[in-house]
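Engineer: Starting off with a structure, shown below.
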Amino acid sequence: MQGFKQFLLRGNVVDMAVGIVVGVAFGTVVTSLVKDLLTPLIAAIVHTPDFSAMAFELNGSKFLIGDFINAVVSFLIIASAVYFAVVLPINALVARMRRQPPADPTTKKCPECISEIPLQARKCAFCASTLQA
């Protein structure tokens with residue numbers, strides 16, 4: 001029982017649980033954004049808020065193409081909302097946080113010919129001048 005308690009209280013399990021709960025809540029917010037704001041906006045522009053009435057029949061089989069169009073439009077709206085509202089800002093924040101200091105130089109310039117040579121070099125490979133330590 002002690003091992004199970006340690007497993008549950010380990011940081012990554014708790015972080016994952018919090019992530020799932022926040023993800024579900026965020027999914028509800030995005031769904032509401034799409035259903036309540038973006039879909040009516042598209043309906044105002046296109047003059048057709050719902051494509052589900054579109055269908056055709058072939059050899060007695062009914063193809064509900066309108067439902068498919070609704071699903072594709074909803075997916076595209078949700079995907080773009082998530083991308084522009086979450087992914088781009090998070091990527092910008094992570095890039096800002098991960099700025100690494102410049103790497104230590106591995107070369108230096110020869111004072112005679114201005115060529116790039118290794119730091120440990122005692123003689124320039126390009127002009128054969130002797131370098132000071």
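Starting from 1 in every chain, residues are counted up; chains themselves are A, B, ... following the order of the structure tokens, and ligands are numbered from 1 as listed.
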Could you pull the residues within 10 Å of Phe68 (chain A), counting only C-alpha atoms, minus those fewer than 3 positions along the same chain, as a list in words?

Structural biologist: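 Contacts, with the query itself left out: Phe51, Ser52, Met54, Ala55, Phe63, Leu64, Ile65, Ala71, Val72, Val73 and Ser74 of chain A.
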
Engineer: Please produce an output containing N, CA and C atoms for each residue in the selection, written as an mmCIF file, in the first residue's frame.

Structural biologist:
```
data_model
loop_
_atom_site.group_PDB
_atom_site.id
_atom_site.type_symbol
_atom_site.label_atom_id
_atom_site.label_comp_id
_atom_site.auth_asym_id
_atom_site.auth_seq_id
_atom_site.Cartn_x
_atom_site.Cartn_y
_atom_site.Cartn_z
ATOM 1 N N PHE A 51 -25.118 23.007 -42.232
ATOM 2 C CA PHE A 51 -25.092 22.273 -43.494
ATOM 3 C C PHE A 51 -25.735 20.894 -43.389
ATOM 4 N N SER A 52 -26.291 20.543 -42.229
ATOM 5 C CA SER A 52 -26.766 19.166 -42.014
ATOM 6 C C SER A 52 -27.924 18.777 -42.914
ATOM 7 N N MET A 54 -27.984 19.144 -46.072
ATOM 8 C CA MET A 54 -27.453 18.719 -47.366
ATOM 9 C C MET A 54 -27.245 17.213 -47.368
ATOM 10 N N ALA A 55 -27.832 16.534 -48.333
ATOM 11 C CA ALA A 55 -27.692 15.087 -48.453
ATOM 12 C C ALA A 55 -28.035 14.690 -49.883
ATOM 13 N N PHE A 63 -26.532 9.651 -48.298
ATOM 14 C CA PHE A 63 -25.236 10.190 -47.931
ATOM 15 C C PHE A 63 -25.443 11.562 -47.298
ATOM 16 N N LEU A 64 -25.122 11.664 -46.017
ATOM 17 C CA LEU A 64 -25.308 12.910 -45.261
ATOM 18 C C LEU A 64 -24.053 13.774 -45.379
ATOM 19 N N ILE A 65 -23.891 14.348 -46.532
ATOM 20 C CA ILE A 65 -22.697 15.146 -46.770
ATOM 21 C C ILE A 65 -22.676 16.406 -45.916
ATOM 22 N N ALA A 71 -18.832 18.720 -39.546
ATOM 23 C CA ALA A 71 -17.730 18.180 -38.739
ATOM 24 C C ALA A 71 -16.390 18.751 -39.187
ATOM 25 N N VAL A 72 -16.190 18.859 -40.506
ATOM 26 C CA VAL A 72 -14.929 19.405 -41.015
ATOM 27 C C VAL A 72 -14.782 20.879 -40.640
ATOM 28 N N VAL A 73 -15.850 21.651 -40.796
ATOM 29 C CA VAL A 73 -15.802 23.072 -40.440
ATOM 30 C C VAL A 73 -15.535 23.233 -38.944
ATOM 31 N N SER A 74 -16.215 22.440 -38.118
ATOM 32 C CA SER A 74 -15.977 22.514 -36.665
ATOM 33 C C SER A 74 -14.540 22.162 -36.324
#
```

Engineer: Go through region 76-107 of chain A and collect every residue that DSSP, computed from the backbone, puts in alpha helix (DSSP H); the answer should be as JSON, numbers by chain.

Structural biologist: {"A": [76, 77, 78, 79, 80, 81, 82, 88, 89, 90, 91, 92, 93, 94, 95, 96, 97]}

Engineer: Filtering to C-alpha atoms, could you give me those residues as a PDB file, in the first residue's frame?

Structural biologist:
```pdb
ATOM      1  CA  LEU A  76     -10.964  23.474 -38.716  1.00  0.00           C
ATOM      2  CA  ILE A  77     -12.372  26.173 -36.445  1.00  0.00           C
ATOM      3  CA  ILE A  78     -11.337  24.339 -33.266  1.00  0.00           C
ATOM      4  CA  ALA A  79      -7.883  23.506 -34.633  1.00  0.00           C
ATOM      5  CA  SER A  80      -7.231  27.090 -35.705  1.00  0.00           C
ATOM      6  CA  ALA A  81      -8.556  28.471 -32.404  1.00  0.00           C
ATOM      7  CA  VAL A  82      -6.275  26.149 -30.426  1.00  0.00           C
ATOM      8  CA  LEU A  88       1.667  30.132 -30.901  1.00  0.00           C
ATOM      9  CA  PRO A  89       1.778  31.956 -27.531  1.00  0.00           C
ATOM     10  CA  ILE A  90       3.241  28.922 -25.741  1.00  0.00           C
ATOM     11  CA  ASN A  91       5.894  28.428 -28.437  1.00  0.00           C
ATOM     12  CA  ALA A  92       6.851  32.101 -28.204  1.00  0.00           C
ATOM     13  CA  LEU A  93       7.058  31.869 -24.413  1.00  0.00           C
ATOM     14  CA  VAL A  94       9.166  28.691 -24.515  1.00  0.00           C
ATOM     15  CA  ALA A  95      11.501  30.206 -27.126  1.00  0.00           C
ATOM     16  CA  ARG A  96      11.954  33.281 -24.949  1.00  0.00           C
ATOM     17  CA  MET A  97      12.704  31.138 -21.888  1.00  0.00           C
TER      18      MET A  97
END
```

Engineer: Using only C-alpha atoms, which residues sit within 12 Å of region 20-32 of chain A once same-chain residues fewer than 2 positions away are excluded, as JSON, numbers by chain?

Structural biologist: {"A": [13, 14, 15, 16, 17, 18, 34, 35, 36, 37, 38, 39, 40, 74, 75, 77, 78, 79, 80, 81, 82, 83, 84, 85, 86]}

Engineer: Would you mind exporting the chosen residues as a short mmCIF file (atom, residue, chain, number, x, y, z; two decimals), in the first residue's frame, restricted to N, CA and C atoms?

Structural biologist:
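Now in again00.cif:
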```cif
data_model
loop_
_atom_site.label_atom_id
_atom_site.label_comp_id
_atom_site.auth_asym_id
_atom_site.auth_seq_id
_atom_site.Cartn_x
_atom_site.Cartn_y
_atom_site.Cartn_z
N VAL A 13 2.68 12.05 -11.87
CA VAL A 13 1.30 11.55 -11.87
C VAL A 13 0.34 12.67 -11.52
N VAL A 14 0.69 13.46 -10.52
CA VAL A 14 -0.16 14.59 -10.13
C VAL A 14 -0.20 15.62 -11.26
N ASP A 15 0.95 15.90 -11.87
CA ASP A 15 0.99 16.84 -12.99
C ASP A 15 0.11 16.37 -14.14
N MET A 16 0.15 15.08 -14.43
CA MET A 16 -0.66 14.53 -15.51
C MET A 16 -2.15 14.67 -15.18
N ALA A 17 -2.53 14.39 -13.94
CA ALA A 17 -3.94 14.51 -13.54
C ALA A 17 -4.41 15.96 -13.67
N VAL A 18 -3.58 16.89 -13.22
CA VAL A 18 -3.94 18.30 -13.33
C VAL A 18 -4.04 18.70 -14.81
N VAL A 34 -16.28 28.13 -30.25
CA VAL A 34 -16.65 27.77 -31.62
C VAL A 34 -18.15 27.82 -31.81
N LYS A 35 -18.90 27.20 -30.88
CA LYS A 35 -20.36 27.11 -31.02
C LYS A 35 -21.05 28.45 -30.85
N ASP A 36 -20.61 29.24 -29.89
CA ASP A 36 -21.33 30.47 -29.54
C ASP A 36 -20.83 31.72 -30.27
N LEU A 37 -19.57 31.72 -30.71
CA LEU A 37 -19.03 32.93 -31.33
C LEU A 37 -18.63 32.75 -32.79
N LEU A 38 -17.79 31.75 -33.06
CA LEU A 38 -17.24 31.62 -34.40
C LEU A 38 -18.26 31.07 -35.41
N THR A 39 -19.05 30.07 -35.03
CA THR A 39 -20.04 29.51 -35.95
C THR A 39 -21.09 30.55 -36.34
N PRO A 40 -21.66 31.34 -35.42
CA PRO A 40 -22.58 32.39 -35.84
C PRO A 40 -21.91 33.45 -36.73
N SER A 74 -16.21 22.44 -38.12
CA SER A 74 -15.98 22.51 -36.67
C SER A 74 -14.54 22.16 -36.32
N PHE A 75 -14.02 21.10 -36.96
CA PHE A 75 -12.63 20.71 -36.71
C PHE A 75 -11.67 21.83 -37.09
N ILE A 77 -12.22 25.02 -37.35
CA ILE A 77 -12.37 26.17 -36.44
C ILE A 77 -11.70 25.88 -35.11
N ILE A 78 -11.95 24.70 -34.55
CA ILE A 78 -11.34 24.34 -33.27
C ILE A 78 -9.82 24.27 -33.39
N ALA A 79 -9.33 23.63 -34.46
CA ALA A 79 -7.88 23.51 -34.63
C ALA A 79 -7.22 24.87 -34.78
N SER A 80 -7.84 25.77 -35.55
CA SER A 80 -7.23 27.09 -35.70
C SER A 80 -7.33 27.90 -34.41
N ALA A 81 -8.43 27.76 -33.68
CA ALA A 81 -8.56 28.47 -32.40
C ALA A 81 -7.50 27.99 -31.41
N VAL A 82 -7.29 26.69 -31.34
CA VAL A 82 -6.27 26.15 -30.43
C VAL A 82 -4.89 26.59 -30.87
N TYR A 83 -4.63 26.54 -32.18
CA TYR A 83 -3.31 26.92 -32.66
C TYR A 83 -2.99 28.38 -32.35
N PHE A 84 -3.91 29.28 -32.70
CA PHE A 84 -3.63 30.70 -32.53
C PHE A 84 -3.76 31.17 -31.09
N ALA A 85 -4.60 30.50 -30.28
CA ALA A 85 -4.80 30.94 -28.90
C ALA A 85 -3.87 30.25 -27.91
N VAL A 86 -3.36 29.06 -28.27
CA VAL A 86 -2.54 28.31 -27.32
C VAL A 86 -1.15 28.02 -27.86
#
```

Engineer: As an exercise, work out the distance from CA of Ala44 (chain A) to CA of Ile69 (chain A) in Å and give it to one decimal place.

Structural biologist: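 Those two atoms sit 17.2 Å apart.
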
Engineer: Might you pull out every residue within 7 Å of Pro118 (chain A), with only C-alpha atoms counted and same-chain residues fewer than 3 positions away left off, and present them as a PyMOL selection string?

Structural biologist: chain A and resi 106-108+121

Engineer: Going by DSSP on the backbone, which bits of chain A are strand (DSSP E)? Write them as a PyMOL selection string, please.

Structural biologist: chain A and resi 56-58+61-63+107-109+116-118

Engineer: One decimal, Å: what's the distance from CA of Lys62 (chain A) over to CA of Ile42 (chain A), could you say?

Structural biologist: 26.8 Å
